[in-house]
$ cat model04.tsv   # TSV, C-alpha atoms and all ligand atoms
chain	number	residue	atom	x	y	z
Q	1	MET	CA	-82.23	-33.48	-165.91
Q	2	ASP	CA	-81.41	-36.66	-163.98
Q	3	GLU	CA	-83.41	-39.84	-164.38
Q	4	ASN	CA	-85.28	-39.41	-161.09
Q	5	THR	CA	-86.72	-35.94	-161.72
Q	6	ASP	CA	-87.42	-37.06	-165.27
Q	7	THR	CA	-90.02	-39.48	-163.94
Q	8	LEU	CA	-92.42	-36.71	-162.91
Q	9	GLU	CA	-92.21	-34.92	-166.24
Q	10	ILE	CA	-93.39	-37.82	-168.38
Q	11	LYS	CA	-96.96	-38.63	-167.38
Q	12	MET	CA	-98.36	-41.69	-169.11
Q	13	SER	CA	-101.76	-41.08	-170.65
Q	14	THR	CA	-104.42	-43.34	-169.25
Q	15	ASN	CA	-108.03	-44.11	-170.12
Q	16	ILE	CA	-108.86	-45.04	-166.53
Q	17	PRO	CA	-111.70	-42.81	-165.22
Q	18	GLU	CA	-110.57	-40.11	-162.79
Q	19	LYS	CA	-111.43	-40.35	-159.10
Q	20	SER	CA	-111.73	-37.59	-156.51
Q	21	PRO	CA	-109.78	-37.65	-153.22
Q	22	SER	CA	-113.03	-38.01	-151.27
Q	23	GLU	CA	-113.73	-41.37	-152.97
Q	24	SER	CA	-110.73	-43.00	-151.31
Q	25	HIS	CA	-110.63	-41.07	-148.02
Q	26	ALA	CA	-110.30	-43.40	-144.98
Q	27	GLU	CA	-110.73	-43.16	-141.22
Q	28	VAL	CA	-109.65	-45.89	-138.82
Q	29	ILE	CA	-110.10	-46.01	-135.04
Q	30	VAL	CA	-107.78	-48.19	-132.93
Q	31	ARG	CA	-107.56	-48.67	-129.12
Q	32	MET	CA	-104.05	-48.69	-127.65
Q	33	PHE	CA	-103.19	-51.62	-125.34
Q	34	PRO	CA	-100.26	-52.34	-122.97
Q	35	SER	CA	-98.62	-54.54	-125.63
Q	36	ASP	CA	-98.35	-51.38	-127.81
Q	37	ALA	CA	-96.36	-49.42	-125.22
Q	38	ASN	CA	-93.22	-49.15	-123.10
Q	39	PRO	CA	-93.37	-49.91	-119.33
Q	40	ALA	CA	-94.26	-46.24	-118.60
Q	41	GLY	CA	-97.35	-46.50	-120.80
Q	42	ASN	CA	-96.14	-44.44	-123.77
Q	43	VAL	CA	-97.21	-46.03	-127.07
Q	44	PHE	CA	-94.24	-46.97	-129.30
Q	45	GLY	CA	-93.63	-44.70	-132.29
Q	46	GLY	CA	-93.40	-47.87	-134.38
Q	47	GLU	CA	-96.93	-48.86	-133.40
Q	48	ILE	CA	-98.23	-45.48	-134.57
Q	49	LEU	CA	-96.21	-45.81	-137.80
Q	50	LYS	CA	-97.73	-49.25	-138.42
Q	51	ASN	CA	-101.20	-47.77	-138.13
Q	52	ILE	CA	-100.28	-44.80	-140.34
Q	53	ASP	CA	-99.01	-47.22	-143.00
Q	54	MET	CA	-102.15	-49.35	-142.62
Q	55	VAL	CA	-104.66	-46.50	-143.11
Q	56	ALA	CA	-102.61	-44.99	-145.97
Q	57	GLY	CA	-102.67	-48.44	-147.62
Q	58	ILE	CA	-106.47	-48.47	-147.48
Q	59	VAL	CA	-106.57	-45.14	-149.34
Q	60	ALA	CA	-104.00	-46.31	-151.91
Q	61	GLN	CA	-105.88	-49.54	-152.62
Q	62	ARG	CA	-109.24	-47.77	-152.75
Q	63	HIS	CA	-107.87	-45.28	-155.27
Q	64	SER	CA	-105.95	-47.77	-157.43
Q	65	GLN	CA	-108.27	-50.75	-156.94
Q	66	SER	CA	-105.16	-52.92	-157.05
Q	67	ASN	CA	-102.39	-54.13	-154.80
Q	68	ALA	CA	-100.27	-51.21	-153.60
Q	69	VAL	CA	-97.02	-51.15	-151.62
Q	70	THR	CA	-95.29	-48.52	-149.48
Q	71	VAL	CA	-92.17	-47.05	-151.09
Q	72	SER	CA	-91.61	-44.05	-148.85
Q	73	LEU	CA	-92.74	-42.73	-145.50
Q	74	ASP	CA	-91.57	-39.19	-144.82
Q	75	SER	CA	-92.15	-35.99	-142.88
Q	76	VAL	CA	-93.24	-38.04	-139.87
Q	77	ASN	CA	-93.75	-35.83	-136.85
Q	78	PHE	CA	-94.67	-37.17	-133.43
Q	79	LEU	CA	-96.22	-34.07	-131.88
Q	80	LYS	CA	-97.66	-35.40	-128.60
Q	81	PRO	CA	-97.43	-38.71	-126.73
Q	82	VAL	CA	-100.08	-41.43	-127.04
Q	83	PHE	CA	-100.83	-43.47	-123.91
Q	84	VAL	CA	-102.19	-46.94	-123.20
Q	85	GLY	CA	-105.99	-46.75	-123.17
Q	86	ASN	CA	-106.11	-43.85	-125.67
Q	87	VAL	CA	-108.12	-44.26	-128.83
Q	88	LEU	CA	-106.18	-43.43	-131.98
Q	89	PHE	CA	-108.12	-41.81	-134.83
Q	90	LEU	CA	-106.31	-42.06	-138.17
Q	91	ASN	CA	-107.49	-39.88	-141.00
Q	92	ALA	CA	-105.98	-40.35	-144.48
Q	93	ARG	CA	-106.47	-38.72	-147.88
Q	94	ILE	CA	-104.78	-38.89	-151.26
Q	95	ASN	CA	-103.05	-35.65	-152.30
Q	96	TYR	CA	-101.16	-36.44	-155.48
Q	97	VAL	CA	-100.77	-39.15	-158.11
Q	98	HIS	CA	-98.30	-39.56	-160.95
Q	99	ASN	CA	-98.27	-42.73	-163.07
Q	100	SER	CA	-98.24	-45.54	-160.52
Q	101	SER	CA	-97.29	-43.53	-157.41
Q	102	MET	CA	-99.65	-41.89	-154.92
Q	103	GLU	CA	-98.94	-39.53	-152.04
Q	104	ILE	CA	-101.21	-40.14	-149.03
Q	105	GLU	CA	-101.38	-37.69	-146.12
Q	106	VAL	CA	-102.17	-39.11	-142.68
Q	107	LYS	CA	-103.16	-37.30	-139.50
Q	108	ALA	CA	-103.32	-39.24	-136.22
Q	109	GLU	CA	-105.24	-37.94	-133.21
Q	110	ALA	CA	-105.35	-39.55	-129.75
Q	111	GLU	CA	-108.42	-39.32	-127.56
Q	112	ASP	CA	-108.39	-39.75	-123.80
Q	113	ILE	CA	-111.78	-41.40	-123.56
Q	114	VAL	CA	-112.26	-40.42	-119.91
Q	115	THR	CA	-111.79	-36.67	-120.48
Q	116	GLY	CA	-112.86	-36.72	-124.13
Q	117	ILE	CA	-109.84	-34.58	-125.01
Q	118	ARG	CA	-108.53	-35.29	-128.52
Q	119	THR	CA	-105.03	-34.18	-129.57
Q	120	VAL	CA	-103.20	-34.33	-132.90
Q	121	THR	CA	-100.32	-36.67	-132.13
Q	122	ALA	CA	-98.68	-37.40	-135.49
Q	123	THR	CA	-98.70	-36.45	-139.16
Q	124	ALA	CA	-96.99	-38.13	-142.10
Q	125	PHE	CA	-96.82	-38.48	-145.87
Q	126	VAL	CA	-96.75	-42.00	-147.28
Q	127	THR	CA	-96.01	-42.84	-150.91
Q	128	PHE	CA	-97.54	-46.00	-152.33
Q	129	VAL	CA	-97.01	-47.60	-155.73
Q	130	ALA	CA	-99.81	-49.58	-157.36
Q	131	LEU	CA	-98.79	-52.99	-158.67
Q	132	GLY	CA	-100.40	-55.01	-161.43
Q	133	LYS	CA	-100.94	-58.78	-161.25
Q	134	ASN	CA	-97.39	-59.17	-162.66
Q	135	GLY	CA	-95.99	-57.32	-159.62
Q	136	LYS	CA	-94.87	-54.36	-161.75
Q	137	PRO	CA	-95.92	-50.71	-161.25
Q	138	ASN	CA	-99.35	-50.13	-162.75
Q	139	PRO	CA	-101.03	-46.81	-163.73
Q	140	VAL	CA	-103.58	-45.41	-161.30
Q	141	PRO	CA	-106.60	-43.15	-161.99
Q	142	ASN	CA	-105.82	-39.45	-162.29
Q	143	LEU	CA	-107.16	-37.26	-159.51
Q	144	SER	CA	-110.31	-35.30	-160.16
Q	145	LEU	CA	-109.72	-32.16	-158.08
Q	146	LYS	CA	-113.10	-30.95	-156.81
Q	147	THR	CA	-112.25	-28.40	-154.13
Q	148	ASP	CA	-109.71	-25.62	-153.52
Q	149	GLU	CA	-108.21	-27.83	-150.80
Q	150	ASP	CA	-107.80	-30.68	-153.34
Q	151	ARG	CA	-106.01	-28.33	-155.76
Q	152	VAL	CA	-103.68	-26.88	-153.10
Q	153	LYS	CA	-102.83	-30.31	-151.72
Q	154	PHE	CA	-102.17	-31.64	-155.24
Q	155	GLU	CA	-99.63	-28.87	-155.97
Q	156	GLU	CA	-97.97	-29.28	-152.56
Q	157	GLY	CA	-97.87	-33.05	-153.07
Q	158	LYS	CA	-96.28	-32.65	-156.50
Q	159	SER	CA	-93.57	-30.44	-155.05
Q	160	ARG	CA	-92.86	-32.92	-152.23
Q	161	MET	CA	-92.74	-35.80	-154.75
Q	162	GLU	CA	-90.13	-33.95	-156.81
Q	163	THR	CA	-88.00	-33.52	-153.68
Q	164	ARG	CA	-88.51	-37.18	-152.75
Q	165	LEU	CA	-87.41	-38.39	-156.16
Q	166	LYS	CA	-84.34	-36.14	-156.10
Q	167	ASN	CA	-83.35	-37.70	-152.75
Q	168	ARG	CA	-84.33	-41.22	-153.76
Q	169	GLN	CA	-81.63	-43.86	-153.40
Q	170	LYS	CA	-81.89	-46.78	-155.78
Q	201	LIG	C1	-92.56	-50.62	-155.83
Q	201	LIG	C2	-91.41	-51.16	-156.68
Q	201	LIG	C3	-91.89	-52.41	-157.42
Q	201	LIG	C4	-91.05	-50.07	-157.68
Q	201	LIG	O1	-89.97	-50.54	-158.40
Q	201	LIG	P1	-88.96	-49.50	-159.09
Q	201	LIG	O2	-87.91	-50.23	-159.77
Q	201	LIG	O3	-88.60	-48.47	-158.05
Q	201	LIG	O4	-89.93	-48.90	-160.18
Q	201	LIG	P2	-89.81	-47.53	-160.90
Q	201	LIG	O5	-88.44	-46.92	-160.77
Q	201	LIG	O6	-90.35	-47.78	-162.28
Q	201	LIG	O7	-90.82	-46.60	-160.09
Q	201	LIG	C5	-92.21	-46.87	-160.10
Q	201	LIG	C6	-92.89	-45.71	-159.42
Q	201	LIG	O8	-92.52	-45.69	-158.06
Q	201	LIG	C7	-92.08	-44.39	-157.71
Q	201	LIG	N1	-91.13	-44.54	-156.62
Q	201	LIG	C8	-90.25	-45.56	-156.44
Q	201	LIG	N2	-89.55	-45.34	-155.31
Q	201	LIG	C9	-90.00	-44.20	-154.77
Q	201	LIG	C10	-89.69	-43.44	-153.61
Q	201	LIG	N3	-88.74	-43.83	-152.76
Q	201	LIG	N4	-90.38	-42.33	-153.35
Q	201	LIG	C11	-91.35	-41.91	-154.18
Q	201	LIG	N5	-91.71	-42.57	-155.32
Q	201	LIG	C12	-91.02	-43.69	-155.61
Q	201	LIG	C13	-91.47	-43.85	-158.98
Q	201	LIG	O9	-91.37	-42.44	-158.96
Q	201	LIG	C14	-92.49	-44.34	-159.99
Q	201	LIG	O10	-93.63	-43.49	-159.91
Q	201	LIG	P3	-94.57	-43.19	-161.20
Q	201	LIG	O11	-94.92	-44.53	-161.82
Q	201	LIG	O12	-95.76	-42.52	-160.63
Q	201	LIG	O13	-93.79	-42.31	-162.12
Q	201	LIG	C15	-90.15	-51.50	-155.82
Q	201	LIG	O14	-89.53	-50.28	-155.38
Q	201	LIG	C16	-90.48	-52.36	-154.62
Q	201	LIG	O15	-90.89	-53.50	-154.74
Q	201	LIG	N6	-90.27	-51.81	-153.40
Q	201	LIG	C17	-90.57	-52.51	-152.18
Q	201	LIG	C18	-92.02	-52.19	-151.74
Q	201	LIG	C19	-92.35	-52.89	-150.44
Q	201	LIG	O16	-92.17	-54.07	-150.30
Q	201	LIG	N7	-92.86	-52.12	-149.49
Q	201	LIG	C20	-93.20	-52.62	-148.20
Q	201	LIG	C21	-92.25	-52.12	-147.17
Q	201	LIG	S1	-90.70	-52.97	-147.18

$ encode --input "model04.tsv" --output "structure tokens"
Amino acid sequence: MDENTDTLEIKMSTNIPEKSPSESHAEVIVRMFPSDANPAGNVFGGEILKNIDMVAGIVAQRHSQSNAVTVSLDSVNFLKPVFVGNVLFLNARINYVHNSSMEIEVKAEAEDIVTGIRTVTATAFVTFVALGKNGKPNPVPNLSLKTDEDRVKFEEGKSRMETRLKNRQK
């Protein structure tokens, strides 16, 4: 076994109380302005990514109750365009934790506030690592899986994390 896949096998024991995914769930609503878009009015992918990273960071810090930094952003899909004037709804939940790492799933929907039509525009998985005051990776609470959805998402998250670590470049 190589050193990257090894990481998932050895789970440090921790006395930190478990937390459920619903305790750190976050929703953020942001209005899109002309400065967020190209001259045709399409919002930049980078602007949406910034907001995905921001809402995922809220979840990571709520779960870990510490500083947390992005180490990976993957499976980003831009499904539909977002336009100037749309309201972006970002919904984020924690799926999986290991020792210091956390997989956060984000779904972004855009609402045309004149028609009221809301469309899923982007989805992504963001991995955060909790850092202690010394700036080093710090253990996070284990996940208390309350629902069938929590359990399914945990297993899917674990599988994605194994793939991520296999592909990780140091
Ligand atoms: C976070 C950081 C301190 C981790 O340092 P490191 O030397 O990679 O530490 P480790 O190898 O001990 O890994 C620590 C954890 O991060 C996870 N990790 C690191 N890189 C990862 C990646 N690309 N994808 C998924 N998990 C990753 C490891 O699996 C490990 O998880 P675990 O504790 O749950 O087992 C370092 O990578 C860093 O500072 N990165 C920059 C973060 C940053 O500034 N982000 C903002 C955007 S630039």

$ atom_distance --input "model04.tsv" --atom1 "atom CA of Q:Phe44" --atom2 "atom CA of Q:Ile94"
25.7 Å

$ residues_around --input "model04.tsv" --residues "stretch 143-148 of chain Q" --least-positions-apart "6" --cutoff "12 Å" --atoms "all atoms listed in the file" --output "list in words"
Thr14, Ile16, Pro17, Glu18, Lys19, Ser20, Pro21, Ser22, Glu23, Ser24, His63, Ser64, Arg93, Ile94, Asn95, Tyr96, Val97, His98, Asn99, Ser101, Met102, Glu103, Phe154 and Glu155 of chain Q

$ residues_around --input "model04.tsv" --residues "Q:Pro81" --least-positions-apart "2" --cutoff "7 Å" --atoms "all atoms listed in the file" --output "ChimeraX atom specification"
/Q:42,83,121

$ closest_residue --input "model04.tsv" --among "Q:Gln61, Q:Asn138, Q:Ser100, Q:Thr163" --to "Q:Asp74" --atoms "all atoms listed in the file"
Q:Thr163

$ residues_near_ligand --input "model04.tsv" --ligand "ligand LIG 201 (chain Q)" --cutoff "6 Å" --atoms "only C-alpha atoms and all ligand atoms" --output "list of chain:residue names"
Q:Thr7, Q:Leu8, Q:Val69, Q:Thr70, Q:Val71, Q:Ser72, Q:His98, Q:Asn99, Q:Ser100, Q:Ser101, Q:Thr127, Q:Val129, Q:Lys136, Q:Pro137, Q:Arg164, Q:Leu165, Q:Arg168

$ residues_near_point --input "model04.tsv" --point "(-97.0, -37.3, -138.2)" --cutoff "9 Å" --atoms "all atoms listed in the file" --output "ChimeraX atom specification"
/Q:49,52,74-79,106-108,120-125

$ closest_residue --input "model04.tsv" --among "Q:Lys50, Q:Lys80, Q:Lys133, Q:Arg151" --to "Q:Asn67" --atoms "all atoms listed in the file"
Q:Lys133

$ residues_around --input "model04.tsv" --residues "Q:Asn86" --least-positions-apart "3" --cutoff "6 Å" --atoms "only C-alpha atoms" --output "list in words"
Met32, Phe83, Ala110, Glu111 and Asp112 of chain Q

$ closest_residue --input "model04.tsv" --among "Q:Glu109, Q:Glu156, Q:Asp150, Q:Glu162" --to "Q:Ile29" --atoms "all atoms listed in the file"
Q:Glu109

$ axis_aligned_box --input "model04.tsv" --around "stretch 36-39 of chain Q" --padding-each-side "8 Å" --output "AutoDock Vina command-line options"
--center_x -95.8 --center_y -50.3 --center_z -123.6 --size_x 21.1 --size_y 18.2 --size_z 24.5

$ closest_residue --input "model04.tsv" --among "Q:Met54, Q:Ala130, Q:Val30, Q:Leu73" --to "Q:Gly85" --atoms "all atoms listed in the file"
Q:Val30

$ closest_residue --input "model04.tsv" --among "Q:Ala92, Q:Met161, Q:Val28, Q:Val84" --to "Q:Ala60" --atoms "all atoms listed in the file"
Q:Ala92

$ atom_distance --input "model04.tsv" --atom1 "atom CA of Q:Lys158" --atom2 "atom CA of Q:Ile104"
11.7 Å

$ atom_distance --input "model04.tsv" --atom1 "atom CA of Q:Pro139" --atom2 "atom CA of Q:His25"
19.3 Å
